[in-house]
$ cat model-v1.txt   # compact mmCIF, C-alpha atoms and all ligand atoms
# COMPACT_ATOMS: atom_id res chain seq x y z
CA MET A 19 70.61 11.18 278.14
CA ARG A 20 71.16 13.52 281.06
CA VAL A 21 74.35 15.52 281.24
CA GLY A 22 76.09 17.43 284.03
CA LEU A 23 78.37 20.17 282.71
CA ALA A 24 81.31 21.37 284.78
CA GLY A 25 82.89 24.60 283.52
CA LEU A 26 81.24 27.49 281.70
CA GLY A 27 84.17 29.13 279.95
CA ASN A 28 84.31 29.34 276.15
CA VAL A 29 83.89 25.59 275.66
CA GLY A 30 81.20 25.09 278.32
CA ALA A 31 79.12 27.99 277.05
CA GLY A 32 79.60 26.76 273.46
CA THR A 33 78.40 23.30 274.51
CA LEU A 34 75.25 24.76 276.07
CA ARG A 35 74.59 26.84 272.95
CA LEU A 36 75.08 23.88 270.64
CA VAL A 37 72.85 21.52 272.65
CA GLY A 38 70.18 24.25 272.74
CA ALA A 39 70.44 25.14 269.05
CA HIS A 40 70.50 21.57 267.71
CA ALA A 41 68.23 19.75 270.18
CA ASP A 42 66.15 18.10 267.42
CA LEU A 43 69.11 17.21 265.25
CA LEU A 44 70.96 15.72 268.21
CA GLU A 45 67.93 13.66 269.23
CA LYS A 46 67.63 12.23 265.72
CA ARG A 47 71.32 11.44 265.45
CA ALA A 48 71.77 10.18 269.00
CA GLY A 49 68.53 8.20 269.08
CA GLN A 50 67.46 9.94 272.27
CA PRO A 51 67.28 13.52 273.58
CA ILE A 52 70.47 14.97 275.05
CA GLU A 53 69.68 17.27 277.93
CA ILE A 54 72.01 19.32 280.13
CA VAL A 55 70.33 19.05 283.52
CA ALA A 56 72.94 20.68 285.79
CA VAL A 57 75.91 23.00 285.46
CA SER A 58 78.68 24.16 287.73
CA ALA A 59 81.14 27.01 287.32
CA ARG A 60 83.16 29.38 289.49
CA SER A 61 80.88 32.40 289.24
CA ARG A 62 77.13 32.27 288.95
CA SER A 63 76.72 35.99 288.23
CA LYS A 64 79.23 36.30 285.37
CA ALA A 65 77.67 37.36 282.04
CA ARG A 66 77.79 34.49 279.55
CA ASP A 67 76.68 33.96 276.00
CA CYS A 68 74.41 31.01 276.83
CA ASP A 69 71.03 30.33 278.36
CA LEU A 70 70.98 28.74 281.83
CA ASP A 71 67.20 28.82 282.23
CA GLY A 72 65.77 25.58 283.61
CA ILE A 73 69.21 24.13 284.38
CA ASP A 74 70.22 23.36 287.98
CA TRP A 75 73.17 25.32 289.32
CA VAL A 76 75.56 23.27 291.46
CA GLU A 77 78.19 25.08 293.54
CA ASP A 78 80.64 22.18 293.79
CA PRO A 79 81.23 20.42 290.44
CA ARG A 80 82.14 17.20 292.27
CA LEU A 81 78.47 16.89 293.21
CA LEU A 82 77.68 16.27 289.53
CA ALA A 83 79.46 12.93 289.88
CA ILE A 84 77.07 11.65 292.53
CA ARG A 85 73.72 12.93 291.28
CA GLN A 86 71.30 10.16 290.41
CA ASP A 87 69.77 12.17 287.56
CA ILE A 88 73.05 12.44 285.59
CA ASP A 89 74.36 9.82 283.15
CA VAL A 90 77.33 11.70 281.71
CA VAL A 91 79.66 14.29 283.20
CA VAL A 92 81.30 16.82 280.87
CA GLU A 93 84.46 18.33 282.36
CA VAL A 94 85.57 21.56 280.69
CA ILE A 95 87.13 23.21 283.72
CA GLY A 96 90.72 22.50 282.70
CA GLY A 97 93.91 22.07 284.69
CA VAL A 98 96.15 19.06 284.99
CA LYS A 99 94.86 18.06 288.42
CA GLY A 100 92.89 19.77 291.19
CA ILE A 101 89.14 19.94 290.86
CA ALA A 102 89.09 18.68 287.24
CA LEU A 103 90.92 15.47 288.12
CA GLU A 104 88.89 14.98 291.30
CA LEU A 105 85.70 15.34 289.30
CA ALA A 106 86.92 12.96 286.58
CA GLN A 107 87.89 10.31 289.15
CA ALA A 108 84.64 10.72 291.06
CA ALA A 109 82.47 10.57 287.92
CA LEU A 110 84.13 7.41 286.58
CA GLY A 111 84.16 5.90 290.08
CA ALA A 112 80.41 6.52 290.28
CA GLY A 113 79.86 4.74 286.96
CA LYS A 114 79.19 7.84 284.87
CA HIS A 115 80.60 8.37 281.40
CA LEU A 116 83.12 11.21 281.21
CA VAL A 117 83.60 13.64 278.33
CA THR A 118 86.49 16.05 278.72
CA ALA A 119 88.33 18.69 276.72
CA ASN A 120 91.22 18.63 279.18
CA LYS A 121 94.39 17.75 277.27
CA ALA A 122 96.73 18.43 280.20
CA MET A 123 94.77 16.04 282.43
CA ILE A 124 94.51 13.35 279.77
CA ALA A 125 98.21 13.59 278.85
CA ALA A 126 99.19 13.25 282.51
CA HIS A 127 96.48 11.00 283.96
CA GLY A 128 94.73 9.51 280.92
CA ILE A 129 95.81 5.93 281.52
CA GLU A 130 94.80 5.97 285.16
CA LEU A 131 91.40 7.42 284.15
CA ALA A 132 91.02 4.96 281.27
CA LYS A 133 91.60 2.09 283.71
CA LYS A 134 88.87 3.45 285.97
CA ALA A 135 86.49 3.80 283.00
CA GLU A 136 87.26 0.26 281.87
CA LYS A 137 86.63 -1.11 285.34
CA ALA A 138 83.32 0.75 285.62
CA GLY A 139 82.25 -0.19 282.07
CA VAL A 140 81.79 3.45 281.04
CA GLN A 141 83.26 5.65 278.34
CA LEU A 142 86.12 8.11 278.77
CA VAL A 143 86.21 10.32 275.66
CA PHE A 144 88.18 13.46 274.88
CA GLU A 145 87.85 14.42 271.20
CA ALA A 146 87.75 18.09 272.23
CA ALA A 147 91.15 17.82 273.91
CA VAL A 148 93.06 17.76 270.63
CA CYS A 149 92.62 20.20 267.75
CA GLY A 150 89.27 21.74 268.74
CA GLY A 151 86.67 20.86 266.12
CA VAL A 152 88.91 18.61 264.01
CA PRO A 153 87.86 14.97 264.59
CA ILE A 154 91.40 13.63 264.72
CA LEU A 155 90.99 11.23 267.65
CA LYS A 156 88.00 9.48 266.06
CA THR A 157 89.98 9.31 262.83
CA LEU A 158 92.80 7.51 264.61
CA ARG A 159 90.64 5.38 266.92
CA GLU A 160 88.12 4.33 264.31
CA GLY A 161 88.74 5.39 260.71
CA LEU A 162 92.41 4.39 260.70
CA ALA A 163 92.13 1.59 263.25
CA ALA A 164 93.31 -0.97 260.69
CA ASN A 165 96.57 0.85 259.95
CA GLN A 166 100.04 0.89 261.36
CA ILE A 167 100.78 4.61 261.65
CA SER A 168 104.37 5.48 260.80
CA SER A 169 104.37 9.24 261.25
CA LEU A 170 102.28 12.19 262.25
CA ARG A 171 102.99 15.88 262.35
CA GLY A 172 100.73 18.79 262.92
CA ILE A 173 99.93 22.31 263.93
CA LEU A 174 98.27 21.52 267.24
CA ASN A 175 98.07 24.92 268.92
CA GLY A 176 95.83 27.64 267.51
CA THR A 177 97.33 30.41 269.63
CA CYS A 178 100.86 29.82 268.32
CA ASN A 179 99.68 29.49 264.74
CA TYR A 180 97.75 32.73 265.12
CA ILE A 181 100.74 34.56 266.62
CA LEU A 182 103.16 33.32 263.96
CA ASN A 183 100.74 34.27 261.18
CA GLN A 184 100.04 37.73 262.58
CA MET A 185 103.75 38.39 263.09
CA GLY A 186 104.76 37.02 259.69
CA ASP A 187 101.97 38.26 257.44
CA LYS A 188 100.87 41.45 259.18
CA GLY A 189 104.11 42.54 260.84
CA MET A 190 102.44 42.53 264.27
CA ASP A 191 104.69 42.25 267.32
CA PHE A 192 104.60 39.16 269.55
CA ALA A 193 102.86 40.78 272.54
CA THR A 194 100.05 42.32 270.44
CA ALA A 195 99.46 39.06 268.58
CA LEU A 196 99.32 37.12 271.88
CA ASP A 197 96.95 39.68 273.34
CA GLU A 198 94.63 39.27 270.31
CA ALA A 199 94.77 35.47 270.62
CA GLN A 200 93.78 35.78 274.27
CA ARG A 201 90.90 38.15 273.49
CA LYS A 202 89.61 35.79 270.80
CA GLY A 203 89.49 32.97 273.38
CA TYR A 204 92.18 30.77 271.80
CA ALA A 205 94.82 30.92 274.51
CA GLU A 206 95.00 28.88 277.71
CA ALA A 207 94.32 30.56 281.06
CA ASP A 208 98.10 30.69 281.39
CA PRO A 209 99.37 31.35 277.83
CA THR A 210 102.82 30.08 278.84
CA ASP A 211 101.38 26.65 278.07
CA ASP A 212 100.69 27.76 274.50
CA ILE A 213 103.82 29.70 273.62
CA GLY A 214 106.14 27.41 275.59
CA GLY A 215 104.99 24.45 273.45
CA PHE A 216 103.52 22.53 276.42
CA ASP A 217 99.96 22.57 275.08
CA THR A 218 101.23 21.16 271.79
CA ALA A 219 103.18 18.52 273.76
CA ASN A 220 100.05 17.48 275.70
CA LYS A 221 98.19 17.00 272.43
CA LEU A 222 101.10 15.20 270.80
CA ALA A 223 101.31 12.79 273.75
CA ILE A 224 97.61 11.96 273.30
CA LEU A 225 97.93 11.58 269.53
CA SER A 226 100.97 9.33 269.89
CA ALA A 227 99.09 7.15 272.37
CA LEU A 228 96.27 6.61 269.87
CA ALA A 229 98.52 6.34 266.83
CA PHE A 230 101.17 4.02 268.23
CA GLY A 231 99.51 2.29 271.18
CA ILE A 232 101.92 3.77 273.73
CA GLU A 233 101.14 5.47 277.03
CA PRO A 234 101.11 9.29 276.88
CA ASP A 235 104.53 10.33 278.19
CA LEU A 236 105.41 14.01 278.29
CA SER A 237 108.91 13.26 279.54
CA ALA A 238 109.63 11.53 276.22
CA ILE A 239 108.91 14.68 274.20
CA PHE A 240 111.53 17.28 273.33
CA ILE A 241 109.75 20.65 273.71
CA GLU A 242 110.70 24.02 272.23
CA GLY A 243 108.13 26.82 272.00
CA ILE A 244 107.91 29.99 269.92
CA ARG A 245 109.20 32.56 272.42
CA ASP A 246 112.46 33.09 270.57
CA ILE A 247 110.97 33.45 267.08
CA THR A 248 111.44 36.99 265.80
CA GLN A 249 109.89 38.92 262.93
CA GLY A 250 113.33 38.66 261.29
CA ASP A 251 113.12 34.83 261.42
CA LEU A 252 109.67 34.95 259.83
CA ARG A 253 110.88 37.34 257.09
CA ASP A 254 113.85 35.06 256.36
CA ALA A 255 111.50 32.06 256.13
CA SER A 256 109.29 33.96 253.72
CA ALA A 257 112.29 34.96 251.56
CA ARG A 258 113.24 31.28 251.41
CA GLY A 259 109.73 30.33 250.22
CA GLY A 260 108.18 29.06 253.42
CA ARG A 261 106.75 29.76 256.83
CA ILE A 262 107.74 28.88 260.37
CA LYS A 263 105.16 26.67 262.09
CA LEU A 264 105.14 25.22 265.58
CA LEU A 265 104.80 21.50 264.89
CA GLY A 266 104.22 18.45 267.02
CA ILE A 267 105.96 15.53 265.35
CA ALA A 268 106.02 11.82 266.10
CA ASN A 269 107.79 9.19 264.01
CA PHE A 270 107.83 5.44 264.40
CA PHE A 271 111.23 4.35 263.17
CA ASP A 272 113.36 1.30 263.78
CA GLY A 273 111.12 0.11 266.62
CA LYS A 274 111.29 3.48 268.40
CA ILE A 275 108.94 6.45 268.61
CA ILE A 276 110.61 9.85 268.44
CA GLN A 277 108.44 12.80 269.56
CA ARG A 278 109.21 16.50 269.46
CA VAL A 279 107.61 19.94 269.53
CA GLN A 280 109.56 22.58 267.61
CA PRO A 281 109.21 25.64 265.40
CA ILE A 282 110.05 24.29 261.94
CA PHE A 283 110.55 25.83 258.49
CA VAL A 284 107.78 24.51 256.25
CA PRO A 285 108.03 25.17 252.48
CA LEU A 286 104.96 26.85 250.92
CA THR A 287 104.53 23.80 248.69
CA GLU A 288 103.42 21.80 251.75
CA SER A 289 99.81 21.94 252.96
CA LEU A 290 100.87 22.65 256.55
CA ALA A 291 102.40 25.97 255.44
CA GLN A 292 99.00 27.12 254.18
CA VAL A 293 97.23 26.67 257.53
CA GLY A 294 96.26 30.18 258.64
CA GLY A 295 94.76 31.95 261.65
CA ALA A 296 94.09 29.79 264.69
CA SER A 297 93.54 26.72 262.51
CA ASN A 298 95.07 23.36 263.27
CA ALA A 299 96.09 20.62 260.86
CA ILE A 300 97.52 17.15 261.03
CA GLU A 301 99.09 14.95 258.42
CA LEU A 302 99.60 11.29 259.08
CA HIS A 303 100.68 8.22 257.25
CA GLY A 304 98.87 4.90 257.59
CA ASP A 305 100.49 1.88 255.94
CA PHE A 306 97.31 0.88 254.05
CA ALA A 307 95.35 4.16 253.97
CA GLY A 308 98.36 6.24 252.85
CA GLU A 309 98.56 9.99 253.52
CA ILE A 310 95.75 11.64 255.46
CA PHE A 311 95.48 15.41 255.97
CA LEU A 312 92.91 16.96 258.30
CA SER A 313 92.55 20.64 259.09
CA GLY A 314 90.04 22.95 260.72
CA VAL A 315 89.38 25.27 263.60
CA GLY A 316 91.64 24.25 266.47
CA ALA A 317 90.50 26.49 269.31
CA GLY A 318 87.54 28.55 270.50
CA GLY A 319 84.17 27.73 272.02
CA ASP A 320 82.05 26.71 269.05
CA ALA A 321 84.48 24.38 267.31
CA THR A 322 85.55 22.70 270.54
CA ALA A 323 81.89 22.31 271.58
CA SER A 324 81.31 20.47 268.29
CA SER A 325 83.76 17.80 269.48
CA VAL A 326 82.33 17.67 273.01
CA VAL A 327 78.83 17.08 271.67
CA SER A 328 79.96 14.53 269.09
CA ASP A 329 81.35 12.55 272.02
CA LEU A 330 77.96 12.86 273.76
CA ILE A 331 76.26 11.51 270.64
CA ASP A 332 78.66 8.56 270.53
CA ILE A 333 77.82 7.71 274.13
CA ALA A 334 74.08 8.09 273.52
CA ARG A 335 74.33 5.75 270.53
CA GLY A 336 76.00 3.15 272.71
CA ASN A 337 79.33 3.27 270.86
CA ARG A 338 81.94 1.72 273.11
CA SER A 339 85.67 2.01 272.38
CA PRO A 340 88.75 1.87 274.59
CA ALA A 341 89.82 5.43 275.43
CA PHE A 342 93.21 5.09 273.71
CA GLY A 343 92.09 2.69 271.00
CA THR A 344 93.45 -0.45 272.65
CA ARG A 345 92.90 -2.28 275.90
CA SER A 346 96.46 -3.55 275.88
CA MET A 347 97.74 -0.68 278.05
CA LEU A 348 94.93 -0.91 280.61
N1 LIG B 401 95.03 27.11 273.78
C1 LIG B 401 94.68 26.08 272.86
C2 LIG B 401 95.12 26.51 271.48
C3 LIG B 401 93.20 25.86 272.90
O1 LIG B 401 95.46 27.67 271.29
O2 LIG B 401 95.17 25.66 270.59
C4 LIG B 401 92.74 24.64 272.17
O3 LIG B 401 93.27 23.47 272.70
$ encode --input "model-v1.txt" --output "structure tokens"
Amino acid sequence: MRVGLAGLGNVGAGTLRLVGAHADLLEKRAGQPIEIVAVSARSRSKARDCDLDGIDWVEDPRLLAIRQDIDVVVEVIGGVKGIALELAQAALGAGKHLVTANKAMIAAHGIELAKKAEKAGVQLVFEAAVCGGVPILKTLREGLAANQISSLRGILNGTCNYILNQMGDKGMDFATALDEAQRKGYAEADPTDDIGGFDTANKLAILSALAFGIEPDLSAIFIEGIRDITQGDLRDASARGGRIKLLGIANFFDGKIIQRVQPIFVPLTESLAQVGGASNAIELHGDFAGEIFLSGVGAGGDATASSVVSDLIDIARGNRSPAFGTRSML
């Protein structure tokens, strides 16, 4: 299976490293070799921790969508619209499968893109868009497909979790903790999206779509970020036997779905309080499966690449699922 990769930031470089390191394993699991044949990124000369030898360099990522020698386009450029959306539309329009890590684009344009994918008979998959390496979308789309989900809540942003932990446990100030999160490659290009709660809201909108069969709708989510959380707040929380976590929460109640993003006091007795560093975690309730708790690395190149490549394996195997778990919205 021949792949065109658009974007060589942390996730793109991680994807190249993973495909290179696990070529044999991937071939066995996918049933065919997975090869990255062309890449595109803003700067060709930038130093990167990946090997571009033998891979075509394409100046305009949109050209990946029309190349005859590409079956799947991977979009890890980011951004709610612009070149990422143009590439996604062009790839699906040209009958190529699309793998993306772009939560902002999927939250805002996911249904429109899913309709295009459906029409073209190709896959639109975005495991890497939510919670980095934690396979939460597959869990909802496949593992829990038989359940009515009544609630989900989670730590969906690694940067905020990292900042809150560094401030609370190490007494670091907000700006230093944010700076560290940026240097470690967790934060968005514009970290306002992280600390303002918008990144969490994008992910919550996608999770709600898969969990409840609704269209992603950011306007339906109350959003409060972590800007106003002080070290004093974190000390108070600790004295009361808990931690403050930025949570994305969605509840199905009385025929309605209530969604919010908020810093919340979580008692230490709850698993979510124990989630450290840039980790993410989600707890959900399925009516037959009961409580499910998933946690893992929520940001950074390697973990997110793990999800990108698992989507590539799914496509290579011929697995075909509706992007949001149901065709009823398409
Ligand atoms: N900025 C995001 C985070 C990256 O910190 O969680 C992963 O989506």
$ residues_around --input "model-v1.txt" --residues "Gly266 (chain A)" --least-positions-apart "3" --cutoff "9 Å" --atoms "only C-alpha atoms" --output "MDAnalysis selection string"
chainID A and resid 170:174 215 218:219 221:222 241 277:281
$ atom_distance --input "model-v1.txt" --atom1 "atom O2 of ligand LIG 401 (chain B)" --atom2 "CA of Asp211 (chain A)"
9.8 Å
$ closest_residue --input "model-v1.txt" --among "A:Glu145, A:Asp235, A:Asp191, A:Glu301" --to "ligand LIG 401 (chain B)" --atoms "only C-alpha atoms and all ligand atoms"
A:Glu145
$ residues_near_ligand --input "model-v1.txt" --ligand "ligand LIG 401 (chain B)" --cutoff "9 Å" --atoms "all atoms listed in the file" --output "VMD selection string"
chain A and resid 119 to 121 146 to 150 173 to 180 199 to 200 203 to 209 211 to 213 217 to 218 221 296 to 298 316 to 318 322
$ residues_around --input "model-v1.txt" --residues "Ala122 (chain A)" --least-positions-apart "2" --cutoff "7 Å" --atoms "only C-alpha atoms" --output "list of chain:residue names"
A:Gly97, A:Val98, A:Asn120, A:Ile124, A:Ala125, A:Ala126, A:Asn220
$ residues_around --input "model-v1.txt" --residues "Ile84 (chain A)" --least-positions-apart "3" --cutoff "10 Å" --atoms "all atoms listed in the file" --output "list in words"
Pro79, Arg80, Leu81, Asp87, Ile88, Asp89, Leu105, Ala108, Ala109, Gly111, Ala112, Gly113 and Lys114 of chain A
$ residues_around --input "model-v1.txt" --residues "Ala341 (chain A)" --least-positions-apart "2" --cutoff "7 Å" --atoms "all atoms listed in the file" --output "ChimeraX atom specification"
/A:132,142-143,339,343
$ residues_around --input "model-v1.txt" --residues "region 52-66 of chain A" --least-positions-apart "4" --cutoff "7 Å" --atoms "all atoms listed in the file" --output "list in words"
Met19, Arg20, Val21, Gly22, Leu23, Ala24, Gly25, Leu26, Leu44, Glu45, Ile73, Asp74, Trp75, Val76, Glu77, Asp78 and Pro79 of chain A
$ residues_near_point --input "model-v1.txt" --point "(115.1, 34.5, 259.7)" --cutoff "12 Å" --atoms "only C-alpha atoms" --output "ChimeraX atom specification"
/A:186,246-262,282-283
$ write_last_selection --input "model-v1.txt" --atoms "C-alpha atoms" --output "tab-separated table (two decimals), in the frame of the given file"
chain	number	residue	atom	x	y	z
A	186	GLY	CA	104.76	37.02	259.69
A	246	ASP	CA	112.46	33.09	270.57
A	247	ILE	CA	110.97	33.45	267.08
A	248	THR	CA	111.44	36.99	265.80
A	249	GLN	CA	109.89	38.92	262.93
A	250	GLY	CA	113.33	38.66	261.29
A	251	ASP	CA	113.12	34.83	261.42
A	252	LEU	CA	109.67	34.95	259.83
A	253	ARG	CA	110.88	37.34	257.09
A	254	ASP	CA	113.85	35.06	256.36
A	255	ALA	CA	111.50	32.06	256.13
A	256	SER	CA	109.29	33.96	253.72
A	257	ALA	CA	112.29	34.96	251.56
A	258	ARG	CA	113.24	31.28	251.41
A	259	GLY	CA	109.73	30.33	250.22
A	260	GLY	CA	108.18	29.06	253.42
A	261	ARG	CA	106.75	29.76	256.83
A	262	ILE	CA	107.74	28.88	260.37
A	282	ILE	CA	110.05	24.29	261.94
A	283	PHE	CA	110.55	25.83	258.49
$ atom_distance --input "model-v1.txt" --atom1 "CA of Leu70 (chain A)" --atom2 "CA of Glu104 (chain A)"
24.5 Å
$ closest_residue --input "model-v1.txt" --among "A:Phe306, A:Phe311, A:Phe240, A:Phe342" --to "Ile224 (chain A)" --atoms "all atoms listed in the file"
A:Phe342
$ residues_near_point --input "model-v1.txt" --point "(99.4, 13.9, 256.4)" --cutoff "12 Å" --atoms "only C-alpha atoms" --output "PyMOL selection string"
chain A and resi 154+167-173+267-268+288-290+299-304+307-313
$ closest_residue --input "model-v1.txt" --among "A:Val315, A:Ala41, A:Ile95, A:Ala164" --to "Val293 (chain A)" --atoms "only C-alpha atoms"
A:Val315
$ closest_residue --input "model-v1.txt" --among "A:Gly151, A:Gly32, A:Gly231, A:Gly319" --to "Pro340 (chain A)" --atoms "only C-alpha atoms"
A:Gly231
$ decode --input "model-v1.txt" --residues "region 174-191 of chain A" --atoms "N, CA, C and O atoms" --output "mmCIF file, in the first residue's frame"
data_model
loop_
_atom_site.group_PDB
_atom_site.id
_atom_site.type_symbol
_atom_site.label_atom_id
_atom_site.label_comp_id
_atom_site.auth_asym_id
_atom_site.auth_seq_id
_atom_site.Cartn_x
_atom_site.Cartn_y
_atom_site.Cartn_z
ATOM 1 N N LEU A 174 -8.217 15.034 27.980
ATOM 2 C CA LEU A 174 -8.038 14.896 26.532
ATOM 3 C C LEU A 174 -6.914 15.767 25.998
ATOM 4 O O LEU A 174 -6.636 15.728 24.806
ATOM 5 N N ASN A 175 -6.294 16.558 26.852
ATOM 6 C CA ASN A 175 -5.214 17.434 26.392
ATOM 7 C C ASN A 175 -3.969 17.234 27.247
ATOM 8 O O ASN A 175 -3.970 17.517 28.449
ATOM 9 N N GLY A 176 -2.908 16.742 26.600
ATOM 10 C CA GLY A 176 -1.675 16.438 27.324
ATOM 11 C C GLY A 176 -1.001 17.684 27.859
ATOM 12 O O GLY A 176 -0.447 17.682 28.966
ATOM 13 N N THR A 177 -1.034 18.756 27.073
ATOM 14 C CA THR A 177 -0.376 20.000 27.494
ATOM 15 C C THR A 177 -0.969 20.508 28.808
ATOM 16 O O THR A 177 -0.240 20.843 29.744
ATOM 17 N N CYS A 178 -2.294 20.559 28.876
ATOM 18 C CA CYS A 178 -2.936 21.063 30.108
ATOM 19 C C CYS A 178 -2.664 20.139 31.277
ATOM 20 O O CYS A 178 -2.417 20.603 32.401
ATOM 21 N N ASN A 179 -2.713 18.829 31.030
ATOM 22 C CA ASN A 179 -2.447 17.911 32.138
ATOM 23 C C ASN A 179 -1.012 18.087 32.637
ATOM 24 O O ASN A 179 -0.753 18.089 33.849
ATOM 25 N N TYR A 180 -0.103 18.281 31.697
ATOM 26 C CA TYR A 180 1.303 18.479 32.051
ATOM 27 C C TYR A 180 1.458 19.770 32.879
ATOM 28 O O TYR A 180 2.094 19.774 33.922
ATOM 29 N N ILE A 181 0.847 20.847 32.397
ATOM 30 C CA ILE A 181 0.964 22.130 33.110
ATOM 31 C C ILE A 181 0.385 22.019 34.519
ATOM 32 O O ILE A 181 1.012 22.436 35.499
ATOM 33 N N LEU A 182 -0.800 21.443 34.636
ATOM 34 C CA LEU A 182 -1.434 21.341 35.958
ATOM 35 C C LEU A 182 -0.595 20.468 36.895
ATOM 36 O O LEU A 182 -0.462 20.769 38.086
ATOM 37 N N ASN A 183 -0.027 19.398 36.368
ATOM 38 C CA ASN A 183 0.811 18.533 37.207
ATOM 39 C C ASN A 183 2.083 19.247 37.633
ATOM 40 O O ASN A 183 2.485 19.161 38.800
ATOM 41 N N GLN A 184 2.731 19.925 36.695
ATOM 42 C CA GLN A 184 3.989 20.610 37.044
ATOM 43 C C GLN A 184 3.733 21.727 38.049
ATOM 44 O O GLN A 184 4.522 21.942 38.961
ATOM 45 N N MET A 185 2.620 22.445 37.864
ATOM 46 C CA MET A 185 2.292 23.521 38.809
ATOM 47 C C MET A 185 1.934 22.954 40.189
ATOM 48 O O MET A 185 2.361 23.467 41.210
ATOM 49 N N GLY A 186 1.148 21.883 40.177
ATOM 50 C CA GLY A 186 0.650 21.339 41.451
ATOM 51 C C GLY A 186 1.695 20.541 42.205
ATOM 52 O O GLY A 186 1.864 20.703 43.416
ATOM 53 N N ASP A 187 2.425 19.691 41.510
ATOM 54 C CA ASP A 187 3.339 18.776 42.200
ATOM 55 C C ASP A 187 4.732 19.360 42.357
ATOM 56 O O ASP A 187 5.447 19.027 43.306
ATOM 57 N N LYS A 188 5.145 20.206 41.410
ATOM 58 C CA LYS A 188 6.525 20.706 41.467
ATOM 59 C C LYS A 188 6.600 22.194 41.786
ATOM 60 O O LYS A 188 7.692 22.763 41.805
ATOM 61 N N GLY A 189 5.457 22.838 41.928
ATOM 62 C CA GLY A 189 5.440 24.257 42.265
ATOM 63 C C GLY A 189 5.935 25.150 41.136
ATOM 64 O O GLY A 189 6.317 26.304 41.348
ATOM 65 N N MET A 190 5.915 24.618 39.909
ATOM 66 C CA MET A 190 6.382 25.403 38.749
ATOM 67 C C MET A 190 5.334 26.467 38.400
ATOM 68 O O MET A 190 4.142 26.252 38.606
ATOM 69 N N ASP A 191 5.788 27.614 37.854
ATOM 70 C CA ASP A 191 4.772 28.599 37.455
ATOM 71 C C ASP A 191 4.211 28.242 36.072
ATOM 72 O O ASP A 191 4.805 27.458 35.317
#
